[in-house]
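Q: For reference, the structure I am asking about is given below.
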Amino acid sequence: MEDTDRERSTPDAVKAIFDGLGWLGLESDAPPVFQFANAERHRAAVQGLLDRGRAYRCFMTVEELDAERAIARAEGRAIRSPWRDRDAGPGDNRPHVIRFKGPLEGETVVDDLVKGPVRFHNKELDDLVLLRSDGAPTYNLAVVVDDHDMGVTHVIRGDDHLNNAARQTLIYQALEFALPAFAHIPLIHGPDGAKLSKRHGAQAVGEFADMGYLPEAMRNYLARLGWGHGDDEIFSDEQAIAWFDVKDVVRAPARLDWAKLNHINNHYIRRADNERLASLTAQIHVSRGAMHNVHDLVRLQAAIPLVKEGAKTLLELADLTLFAIKVRPLQLDAKTEGLLNEETRSRLRRLTENLSETKDWSFSALEQQVKDFAAAEGVGLGKFGPALRGVLSGGSPAPDLASTLAALGETESLARLKDALFAGH
RNA sequence: GGUCCCUUCGUCUAUCGGUUAGGACACCAGAUUUUCAAUCUGGGAAGAGGGGUUCGACUCCCCUAGGGACUACCA
């Protein structure tokens, strides 16, 4: 894969790209800082072009260029420099750029692996700058020379480069380099159909991490965007690699759909290792100030398997596990306070006493015990369940009652109950 | 403006001339229900428009419309 931001990108931006790719699990062999592979090679290539009359020196000033551009655009044609056929003579050392001398007739065909053959009229292709007035090579020259020198056989990149492919093909031919295979894949658009900026794409990758998406979920979702393998929706990296063929890449740009991303992410959260989820979720709790000791994962880890089925992102997983990591005494929410009338209070006190004598604090035992208690009280679960949950969780969502008790553990559960039901009495 | 690309349910896609146009997400209804969810069952939903080619077109060709990219001494 080609990174085309090789010159303009700041070191920070480049680092962000690589951080993003690293998070995604898509490491690159390329060094994290781009430099022109070999400036001499670029200049030599241009000199060769100059010698063979396939490039020329252009002395147009910026003002002249702007004027010419305006005229060319008004006339609906590509820009042409008057220096194209005017030799300035070796003595002229005014600042100038080196432009490619493109053919005026015929057509250039880019045999794209995704789009098929794409034809361009040569007269529409302007004489692009090869070397700037300070001698620095431009992107279009640099990619051709670098890719050739590096033995690149396949150029797979975004659709936005399809036009460049024609210009680059011309340079390849003028340099007598073997043409690589081109494949231009569609861009990904935002949910509204507007484009998702390439420049900020890598930064966005980091944002997906912050939004609580798992890298393997992103990989699966992204792979499915603009490519399909029958009805397969969920697949492993290995399967994707085995199945992939550029020919199956869809031609049209796809829109990012958060709902589906969430669904895929939920799938991978369900399958993720609990310890890993606990550690990731703990980081979120800490960053929110809800947790101070990252290593105190016992209750968090107990809670995760109980709620992860309902979590679409790690952020949601944090919300769903908040009940487990709360620090006593819990602040009860208004709804719970409202539920705690005298009748309910005394009922929950009786339950607390029951639970205090329990020997078996396992889920199944607790489930039976809560059931038996309801029966003994002659009421349904609805009569005290919500209040019990509120007291145990402080109003945060929590799993079913027995699970919540089990996840909190005997000591914490009883302490929370006593805090709410016996304090001040 | 010019050049080029694209167009199947709301979204991602399957179909590679003959299908009741399939799946997934989302949505709607129902079931379940001690919170939030999850889960189960059922349902609605598409070939942009117009011309051709063909016995037959979502599939091939042309036009129109719409969307997008490019149009720098940026990449």
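A note on labels: chains of the structure tokens are A, B, ... as shown, every chain counts residues from 1, and ligands are counted from 1 in their shown order.
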Restrict the distance test to only C-alpha atoms (C1' of nucleotides), flag each residue of chain B within 10 Å of chain A, and return the flagged residues as JSON, numbers by chain.

A: {"B": [1, 2, 3, 4, 5, 6, 7, 11, 12, 13, 14, 15, 22, 23, 24, 25, 26, 34, 35, 36, 37, 38, 67, 68, 69, 70, 71, 72, 73, 74, 75]}

Q: Could you list, as a ChimeraX atom specification, every residue within 12 Å of Arg52 of chain A, counting only C-alpha atoms (C1' of nucleotides) and ignoring same-chain residues fewer than 5 positions away?

A: /A:45-47,100-101,174-176

Q: Segment 113-192 of chain A: which residues are strand (DSSP E or B) by DSSP, as a ChimeraX atom specification?

A: /A:116-121,129-131,137,154-158,181-185,188-189

Q: Write the residues you've just listed into a file as an mmCIF file, in the first residue's frame, and include N, CA and C atoms for each of them.

A:
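So result.cif came out as:
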```
data_model
loop_
_atom_site.group_PDB
_atom_site.id
_atom_site.type_symbol
_atom_site.label_atom_id
_atom_site.label_comp_id
_atom_site.auth_asym_id
_atom_site.auth_seq_id
_atom_site.Cartn_x
_atom_site.Cartn_y
_atom_site.Cartn_z
ATOM 1 N N GLY A 116 -11.432 -1.510 -14.726
ATOM 2 C CA GLY A 116 -11.303 -1.930 -16.110
ATOM 3 C C GLY A 116 -10.496 -0.889 -16.857
ATOM 4 N N PRO A 117 -10.416 -0.982 -18.184
ATOM 5 C CA PRO A 117 -9.638 0.007 -18.925
ATOM 6 C C PRO A 117 -10.278 1.391 -18.862
ATOM 7 N N VAL A 118 -9.479 2.376 -18.479
ATOM 8 C CA VAL A 118 -9.965 3.750 -18.420
ATOM 9 C C VAL A 118 -9.143 4.570 -19.405
ATOM 10 N N ARG A 119 -9.834 5.215 -20.335
ATOM 11 C CA ARG A 119 -9.123 5.948 -21.383
ATOM 12 C C ARG A 119 -9.098 7.446 -21.102
ATOM 13 N N PHE A 120 -7.936 8.031 -21.363
ATOM 14 C CA PHE A 120 -7.768 9.482 -21.222
ATOM 15 C C PHE A 120 -7.226 10.034 -22.531
ATOM 16 N N HIS A 121 -7.760 11.172 -22.959
ATOM 17 C CA HIS A 121 -7.192 11.839 -24.128
ATOM 18 C C HIS A 121 -5.938 12.562 -23.667
ATOM 19 N N VAL A 129 4.468 19.493 -13.431
ATOM 20 C CA VAL A 129 5.799 19.856 -12.949
ATOM 21 C C VAL A 129 6.495 18.615 -12.414
ATOM 22 N N LEU A 130 7.736 18.433 -12.821
ATOM 23 C CA LEU A 130 8.526 17.291 -12.358
ATOM 24 C C LEU A 130 9.469 17.729 -11.235
ATOM 25 N N LEU A 131 10.116 18.870 -11.477
ATOM 26 C CA LEU A 131 11.049 19.421 -10.497
ATOM 27 C C LEU A 131 10.635 20.845 -10.199
ATOM 28 N N PRO A 137 11.738 17.310 -6.225
ATOM 29 C CA PRO A 137 10.833 16.583 -7.112
ATOM 30 C C PRO A 137 9.392 16.657 -6.617
ATOM 31 N N HIS A 154 2.366 -3.682 -7.880
ATOM 32 C CA HIS A 154 0.950 -3.353 -7.833
ATOM 33 C C HIS A 154 0.737 -2.049 -7.075
ATOM 34 N N VAL A 155 0.099 -1.127 -7.721
ATOM 35 C CA VAL A 155 -0.215 0.135 -7.059
ATOM 36 C C VAL A 155 -1.701 0.115 -6.713
ATOM 37 N N ILE A 156 -1.999 -0.121 -5.439
ATOM 38 C CA ILE A 156 -3.385 -0.164 -4.990
ATOM 39 C C ILE A 156 -3.609 1.044 -4.099
ATOM 40 N N ARG A 157 -4.500 1.897 -4.479
ATOM 41 C CA ARG A 157 -4.701 3.139 -3.736
ATOM 42 C C ARG A 157 -6.111 3.658 -3.961
ATOM 43 N N GLY A 158 -6.402 4.780 -3.362
ATOM 44 C CA GLY A 158 -7.747 5.343 -3.434
ATOM 45 C C GLY A 158 -8.111 5.828 -4.824
ATOM 46 N N ALA A 181 0.811 -2.809 -12.110
ATOM 47 C CA ALA A 181 -0.638 -2.985 -12.237
ATOM 48 C C ALA A 181 -1.302 -1.963 -11.324
ATOM 49 N N PHE A 182 -2.329 -1.302 -11.821
ATOM 50 C CA PHE A 182 -3.031 -0.306 -11.007
ATOM 51 C C PHE A 182 -4.369 -0.850 -10.525
ATOM 52 N N ALA A 183 -4.712 -0.506 -9.310
ATOM 53 C CA ALA A 183 -6.044 -0.854 -8.790
ATOM 54 C C ALA A 183 -6.516 0.325 -7.954
ATOM 55 N N HIS A 184 -7.588 0.958 -8.393
ATOM 56 C CA HIS A 184 -8.095 2.108 -7.638
ATOM 57 C C HIS A 184 -9.387 1.735 -6.943
ATOM 58 N N ILE A 185 -9.287 1.711 -5.628
ATOM 59 C CA ILE A 185 -10.442 1.283 -4.853
ATOM 60 C C ILE A 185 -11.271 2.482 -4.425
ATOM 61 N N ILE A 188 -14.209 5.822 0.990
ATOM 62 C CA ILE A 188 -15.277 5.606 1.960
ATOM 63 C C ILE A 188 -15.873 6.965 2.284
ATOM 64 N N HIS A 189 -17.158 7.068 2.172
ATOM 65 C CA HIS A 189 -17.831 8.329 2.477
ATOM 66 C C HIS A 189 -18.414 8.293 3.881
#
```

Q: Find the residues around segment 43-57 of chain B up to 7 Å (only C-alpha atoms (C1' of nucleotides) counted), leave out those fewer than 6 positions away in its own chain, and share them as a PyMOL selection string.

A: chain B and resi 8-9+17-18

Q: Pick out each residue of segment 254-405 of chain A that DSSP on the backbone tags as alpha helix (DSSP H); I need them as a ChimeraX atom specification.

A: /A:258-271,274-287,298-307,314-325,334-339,342-356,363-377,385-393,401-405
